[in-house]
Amino acid sequence: MEKPEYHILVCNSFRAKGDPKGVCNKKAADLMPYLDEEILDRGLDALVTSTGCLKQCEDGPVMVVYPQGYWYGKVESEEIVDEILDALEDGEPCEKYLLT
């Protein structure tokens, strides 16, 4: 398998004991299929991975794009996912949701 151009990590709030908790788990489960579908529709060379807790609960749901290192917070809707992917296609961060 070739290394993808982008690796998108989506916090799913799994803690050390394996219990899903927090806002990321509640919302990410709904957004993951949409994110996968959009990546395919747009022809992006990206791999999406669900992660354990990224320790940014106050800004959840959280999504990280590598290798750029963009951390996005409050990724709560399909519209926000679209804005982030639009910016990614343009080769820039989506400043509106970027965590600093």
# chains A, B, ... in the order shown; residues from 1 in each chain; ligands from 1

call {"tool": "select_by_dssp", "arguments": {"residues": "chain A", "states": "strand (DSSP E)", "output": "list of chain:residue names"}}
result
A:Tyr6, A:His7, A:Ile8, A:Leu9, A:Val10, A:Cys11, A:Asn12, A:Ser13, A:Phe14, A:Ala46, A:Leu47, A:Val48, A:Thr49, A:Ser50, A:Thr51, A:Gly52, A:Met63, A:Val64, A:Val65, A:Tyr66, A:Tyr70, A:Trp71, A:Tyr72

call {"tool": "write_last_selection", "arguments": {"atoms": "C-alpha atoms", "output": "PDB file, in the first residue's frame"}}
result
ATOM      1  CA  TYR A   6      -3.297  12.975   3.651  1.00  0.00           C
ATOM      2  CA  HIS A   7      -3.990  11.115   6.864  1.00  0.00           C
ATOM      3  CA  ILE A   8      -7.089  12.408   8.633  1.00  0.00           C
ATOM      4  CA  LEU A   9      -7.465  11.455  12.277  1.00  0.00           C
ATOM      5  CA  VAL A  10     -10.887  11.766  13.882  1.00  0.00           C
ATOM      6  CA  CYS A  11     -11.115  11.695  17.665  1.00  0.00           C
ATOM      7  CA  ASN A  12     -13.535   9.058  18.867  1.00  0.00           C
ATOM      8  CA  SER A  13     -12.982   9.663  22.609  1.00  0.00           C
ATOM      9  CA  PHE A  14     -11.886   6.165  23.554  1.00  0.00           C
ATOM     10  CA  ALA A  46      -6.598  10.368   1.999  1.00  0.00           C
ATOM     11  CA  LEU A  47      -6.836   7.774   4.722  1.00  0.00           C
ATOM     12  CA  VAL A  48      -9.301   8.351   7.581  1.00  0.00           C
ATOM     13  CA  THR A  49      -8.569   6.864  10.978  1.00  0.00           C
ATOM     14  CA  SER A  50     -10.673   6.915  14.132  1.00  0.00           C
ATOM     15  CA  THR A  51      -8.503   7.550  17.196  1.00  0.00           C
ATOM     16  CA  GLY A  52      -8.588   7.349  20.937  1.00  0.00           C
ATOM     17  CA  MET A  63     -10.124  16.255  13.454  1.00  0.00           C
ATOM     18  CA  VAL A  64      -6.394  16.331  12.582  1.00  0.00           C
ATOM     19  CA  VAL A  65      -4.936  16.408   9.061  1.00  0.00           C
ATOM     20  CA  TYR A  66      -1.398  15.117   8.492  1.00  0.00           C
ATOM     21  CA  TYR A  70      -3.832  20.982  11.054  1.00  0.00           C
ATOM     22  CA  TRP A  71      -5.912  20.465  14.210  1.00  0.00           C
ATOM     23  CA  TYR A  72      -9.585  21.346  13.802  1.00  0.00           C
TER      24      TYR A  72
END

call {"tool": "closest_residue", "arguments": {"among": "A:Ile39, A:Val75, A:Val62, A:Met32", "to": "A:Leu88", "atoms": "only C-alpha atoms"}}
result
A:Ile39

call {"tool": "residues_around", "arguments": {"residues": "A:Ile84", "least_positions_apart": "3", "cutoff": "6 Å", "atoms": "only C-alpha atoms", "output": "NGL selection string"}}
result
:A and (81 or 87 or 94)

call {"tool": "write_last_selection", "arguments": {"atoms": "N, CA and C atoms", "output": "PDB file, in the first residue's frame"}}
result
ATOM      1  N   VAL A  81     -17.283  19.786   7.736  1.00  0.00           N
ATOM      2  CA  VAL A  81     -16.405  18.841   7.044  1.00  0.00           C
ATOM      3  C   VAL A  81     -16.162  19.330   5.619  1.00  0.00           C
ATOM      4  N   ALA A  87     -10.914  23.615   1.808  1.00  0.00           N
ATOM      5  CA  ALA A  87      -9.643  24.290   2.082  1.00  0.00           C
ATOM      6  C   ALA A  87      -8.468  23.358   1.785  1.00  0.00           C
ATOM      7  N   CYS A  94      -8.269  25.535   6.911  1.00  0.00           N
ATOM      8  CA  CYS A  94      -9.575  26.175   7.110  1.00  0.00           C
ATOM      9  C   CYS A  94      -9.474  26.945   8.420  1.00  0.00           C
TER      10      CYS A  94
END

call {"tool": "select_by_dssp", "arguments": {"residues": "stretch 28-75 of chain A", "states": "helix (DSSP H, G or I)", "output": "list in words"}}
result
Ala28, Ala29, Asp30, Leu31, Met32, Pro33, Tyr34, Leu35, Asp36, Glu37, Glu38, Ile39, Leu40, Asp41, Arg42, Cys57, Glu58 and Asp59 of chain A

call {"tool": "closest_residue", "arguments": {"among": "A:Cys24, A:Lys96, A:Glu38, A:Glu78", "to": "A:Glu58", "atoms": "only C-alpha atoms"}}
result
A:Cys24

call {"tool": "closest_residue", "arguments": {"among": "A:Pro33, A:Pro4, A:Gly91, A:Gly73", "to": "A:Lys55", "atoms": "only C-alpha atoms"}}
result
A:Gly73

call {"tool": "atom_distance", "arguments": {"atom1": "atom CA of A:Asp86", "atom2": "atom CA of A:Leu44"}}
result
10.8 Å

call {"tool": "residues_around", "arguments": {"residues": "A:Ser77", "least_positions_apart": "3", "cutoff": "9 Å", "atoms": "only C-alpha atoms", "output": "list in words"}}
result
Lys27, Asp30, Leu31, Lys74, Ile80, Val81 and Asp82 of chain A

call {"tool": "decode", "arguments": {"residues": "stretch 33-48 of chain A", "atoms": "all heavy atoms", "output": "PDB file, in the first residue's frame"}}
result
ATOM      1  N   PRO A  33     -18.818   8.320   8.278  1.00  0.00           N
ATOM      2  CA  PRO A  33     -19.254   7.846   6.954  1.00  0.00           C
ATOM      3  C   PRO A  33     -19.332   8.981   5.932  1.00  0.00           C
ATOM      4  O   PRO A  33     -18.958   8.800   4.772  1.00  0.00           O
ATOM      5  CB  PRO A  33     -20.642   7.249   7.211  1.00  0.00           C
ATOM      6  CG  PRO A  33     -20.674   6.958   8.667  1.00  0.00           C
ATOM      7  CD  PRO A  33     -19.792   7.979   9.322  1.00  0.00           C
ATOM      8  N   TYR A  34     -19.780  10.147   6.380  1.00  0.00           N
ATOM      9  CA  TYR A  34     -19.861  11.294   5.469  1.00  0.00           C
ATOM     10  C   TYR A  34     -18.465  11.704   5.015  1.00  0.00           C
ATOM     11  O   TYR A  34     -18.239  11.962   3.827  1.00  0.00           O
ATOM     12  CB  TYR A  34     -20.574  12.469   6.133  1.00  0.00           C
ATOM     13  CG  TYR A  34     -20.688  13.651   5.211  1.00  0.00           C
ATOM     14  CD1 TYR A  34     -21.653  13.666   4.203  1.00  0.00           C
ATOM     15  CD2 TYR A  34     -19.819  14.729   5.306  1.00  0.00           C
ATOM     16  CE1 TYR A  34     -21.752  14.739   3.319  1.00  0.00           C
ATOM     17  CE2 TYR A  34     -19.907  15.801   4.434  1.00  0.00           C
ATOM     18  CZ  TYR A  34     -20.867  15.803   3.453  1.00  0.00           C
ATOM     19  OH  TYR A  34     -20.958  16.860   2.568  1.00  0.00           O
ATOM     20  N   LEU A  35     -17.523  11.773   5.939  1.00  0.00           N
ATOM     21  CA  LEU A  35     -16.150  12.134   5.614  1.00  0.00           C
ATOM     22  C   LEU A  35     -15.560  11.153   4.602  1.00  0.00           C
ATOM     23  O   LEU A  35     -14.963  11.561   3.596  1.00  0.00           O
ATOM     24  CB  LEU A  35     -15.307  12.183   6.891  1.00  0.00           C
ATOM     25  CG  LEU A  35     -13.833  12.518   6.753  1.00  0.00           C
ATOM     26  CD1 LEU A  35     -13.638  13.883   6.105  1.00  0.00           C
ATOM     27  CD2 LEU A  35     -13.164  12.481   8.118  1.00  0.00           C
ATOM     28  N   ASP A  36     -15.733   9.868   4.830  1.00  0.00           N
ATOM     29  CA  ASP A  36     -15.250   8.848   3.892  1.00  0.00           C
ATOM     30  C   ASP A  36     -15.857   9.032   2.498  1.00  0.00           C
ATOM     31  O   ASP A  36     -15.163   8.955   1.484  1.00  0.00           O
ATOM     32  CB  ASP A  36     -15.566   7.440   4.400  1.00  0.00           C
ATOM     33  CG  ASP A  36     -14.616   6.958   5.472  1.00  0.00           C
ATOM     34  OD1 ASP A  36     -13.446   7.394   5.483  1.00  0.00           O
ATOM     35  OD2 ASP A  36     -15.043   6.128   6.294  1.00  0.00           O
ATOM     36  N   GLU A  37     -17.158   9.267   2.459  1.00  0.00           N
ATOM     37  CA  GLU A  37     -17.858   9.434   1.189  1.00  0.00           C
ATOM     38  C   GLU A  37     -17.365  10.675   0.441  1.00  0.00           C
ATOM     39  O   GLU A  37     -17.140  10.634  -0.773  1.00  0.00           O
ATOM     40  CB  GLU A  37     -19.362   9.541   1.451  1.00  0.00           C
ATOM     41  CG  GLU A  37     -20.190   9.635   0.199  1.00  0.00           C
ATOM     42  CD  GLU A  37     -21.678   9.685   0.521  1.00  0.00           C
ATOM     43  OE1 GLU A  37     -22.153   8.824   1.280  1.00  0.00           O
ATOM     44  OE2 GLU A  37     -22.339  10.611   0.012  1.00  0.00           O
ATOM     45  N   GLU A  38     -17.191  11.767   1.148  1.00  0.00           N
ATOM     46  CA  GLU A  38     -16.714  13.006   0.533  1.00  0.00           C
ATOM     47  C   GLU A  38     -15.304  12.858  -0.030  1.00  0.00           C
ATOM     48  O   GLU A  38     -14.991  13.376  -1.095  1.00  0.00           O
ATOM     49  CB  GLU A  38     -16.751  14.161   1.535  1.00  0.00           C
ATOM     50  CG  GLU A  38     -18.089  14.833   1.647  1.00  0.00           C
ATOM     51  CD  GLU A  38     -18.573  15.415   0.320  1.00  0.00           C
ATOM     52  OE1 GLU A  38     -17.896  16.292  -0.255  1.00  0.00           O
ATOM     53  OE2 GLU A  38     -19.642  14.982  -0.144  1.00  0.00           O
ATOM     54  N   ILE A  39     -14.456  12.168   0.699  1.00  0.00           N
ATOM     55  CA  ILE A  39     -13.085  11.944   0.232  1.00  0.00           C
ATOM     56  C   ILE A  39     -13.101  11.163  -1.077  1.00  0.00           C
ATOM     57  O   ILE A  39     -12.387  11.501  -2.023  1.00  0.00           O
ATOM     58  CB  ILE A  39     -12.253  11.235   1.324  1.00  0.00           C
ATOM     59  CG1 ILE A  39     -11.926  12.239   2.429  1.00  0.00           C
ATOM     60  CG2 ILE A  39     -11.002  10.614   0.749  1.00  0.00           C
ATOM     61  CD1 ILE A  39     -11.336  11.628   3.666  1.00  0.00           C
ATOM     62  N   LEU A  40     -13.938  10.145  -1.149  1.00  0.00           N
ATOM     63  CA  LEU A  40     -14.060   9.362  -2.385  1.00  0.00           C
ATOM     64  C   LEU A  40     -14.638  10.200  -3.521  1.00  0.00           C
ATOM     65  O   LEU A  40     -14.123  10.182  -4.642  1.00  0.00           O
ATOM     66  CB  LEU A  40     -14.934   8.125  -2.154  1.00  0.00           C
ATOM     67  CG  LEU A  40     -14.313   7.016  -1.323  1.00  0.00           C
ATOM     68  CD1 LEU A  40     -15.349   5.929  -1.031  1.00  0.00           C
ATOM     69  CD2 LEU A  40     -13.102   6.427  -2.028  1.00  0.00           C
ATOM     70  N   ASP A  41     -15.713  10.946  -3.228  1.00  0.00           N
ATOM     71  CA  ASP A  41     -16.361  11.776  -4.251  1.00  0.00           C
ATOM     72  C   ASP A  41     -15.412  12.835  -4.811  1.00  0.00           C
ATOM     73  O   ASP A  41     -15.465  13.163  -5.994  1.00  0.00           O
ATOM     74  CB  ASP A  41     -17.609  12.464  -3.697  1.00  0.00           C
ATOM     75  CG  ASP A  41     -18.770  11.511  -3.489  1.00  0.00           C
ATOM     76  OD1 ASP A  41     -18.687  10.350  -3.943  1.00  0.00           O
ATOM     77  OD2 ASP A  41     -19.764  11.924  -2.844  1.00  0.00           O
ATOM     78  N   ARG A  42     -14.557  13.368  -3.958  1.00  0.00           N
ATOM     79  CA  ARG A  42     -13.630  14.433  -4.360  1.00  0.00           C
ATOM     80  C   ARG A  42     -12.345  13.877  -4.974  1.00  0.00           C
ATOM     81  O   ARG A  42     -11.540  14.624  -5.511  1.00  0.00           O
ATOM     82  CB  ARG A  42     -13.274  15.294  -3.161  1.00  0.00           C
ATOM     83  CG  ARG A  42     -14.431  16.100  -2.608  1.00  0.00           C
ATOM     84  CD  ARG A  42     -14.076  16.667  -1.248  1.00  0.00           C
ATOM     85  NE  ARG A  42     -15.179  17.377  -0.634  1.00  0.00           N
ATOM     86  CZ  ARG A  42     -15.237  18.695  -0.489  1.00  0.00           C
ATOM     87  NH1 ARG A  42     -14.246  19.445  -0.900  1.00  0.00           N
ATOM     88  NH2 ARG A  42     -16.279  19.260   0.080  1.00  0.00           N
ATOM     89  N   GLY A  43     -12.153  12.572  -4.864  1.00  0.00           N
ATOM     90  CA  GLY A  43     -10.947  11.965  -5.403  1.00  0.00           C
ATOM     91  C   GLY A  43      -9.690  12.309  -4.622  1.00  0.00           C
ATOM     92  O   GLY A  43      -8.587  12.301  -5.168  1.00  0.00           O
ATOM     93  N   LEU A  44      -9.850  12.612  -3.333  1.00  0.00           N
ATOM     94  CA  LEU A  44      -8.698  12.918  -2.493  1.00  0.00           C
ATOM     95  C   LEU A  44      -7.949  11.643  -2.130  1.00  0.00           C
ATOM     96  O   LEU A  44      -8.560  10.602  -1.878  1.00  0.00           O
ATOM     97  CB  LEU A  44      -9.146  13.621  -1.197  1.00  0.00           C
ATOM     98  CG  LEU A  44      -9.635  15.049  -1.336  1.00  0.00           C
ATOM     99  CD1 LEU A  44     -10.250  15.530  -0.019  1.00  0.00           C
ATOM    100  CD2 LEU A  44      -8.493  15.962  -1.739  1.00  0.00           C
ATOM    101  N   ASP A  45      -6.640  11.740  -2.105  1.00  0.00           N
ATOM    102  CA  ASP A  45      -5.793  10.622  -1.705  1.00  0.00           C
ATOM    103  C   ASP A  45      -5.613  10.726  -0.192  1.00  0.00           C
ATOM    104  O   ASP A  45      -4.642  11.315   0.294  1.00  0.00           O
ATOM    105  CB  ASP A  45      -4.452  10.702  -2.433  1.00  0.00           C
ATOM    106  CG  ASP A  45      -3.529   9.554  -2.081  1.00  0.00           C
ATOM    107  OD1 ASP A  45      -4.010   8.512  -1.593  1.00  0.00           O
ATOM    108  OD2 ASP A  45      -2.308   9.704  -2.297  1.00  0.00           O
ATOM    109  N   ALA A  46      -6.593  10.211   0.546  1.00  0.00           N
ATOM    110  CA  ALA A  46      -6.598  10.368   1.999  1.00  0.00           C
ATOM    111  C   ALA A  46      -7.044   9.092   2.690  1.00  0.00           C
ATOM    112  O   ALA A  46      -7.870   8.351   2.178  1.00  0.00           O
ATOM    113  CB  ALA A  46      -7.521  11.519   2.399  1.00  0.00           C
ATOM    114  N   LEU A  47      -6.469   8.883   3.852  1.00  0.00           N
ATOM    115  CA  LEU A  47      -6.836   7.774   4.722  1.00  0.00           C
ATOM    116  C   LEU A  47      -7.471   8.378   5.968  1.00  0.00           C
ATOM    117  O   LEU A  47      -6.924   9.320   6.550  1.00  0.00           O
ATOM    118  CB  LEU A  47      -5.587   6.980   5.107  1.00  0.00           C
ATOM    119  CG  LEU A  47      -5.744   5.890   6.158  1.00  0.00           C
ATOM    120  CD1 LEU A  47      -6.613   4.755   5.620  1.00  0.00           C
ATOM    121  CD2 LEU A  47      -4.378   5.365   6.570  1.00  0.00           C
ATOM    122  N   VAL A  48      -8.616   7.868   6.383  1.00  0.00           N
ATOM    123  CA  VAL A  48      -9.301   8.351   7.581  1.00  0.00           C
ATOM    124  C   VAL A  48      -9.161   7.300   8.667  1.00  0.00           C
ATOM    125  O   VAL A  48      -9.417   6.118   8.441  1.00  0.00           O
ATOM    126  CB  VAL A  48     -10.795   8.623   7.302  1.00  0.00           C
ATOM    127  CG1 VAL A  48     -11.505   9.071   8.572  1.00  0.00           C
ATOM    128  CG2 VAL A  48     -10.956   9.654   6.204  1.00  0.00           C
TER     129      VAL A  48
END
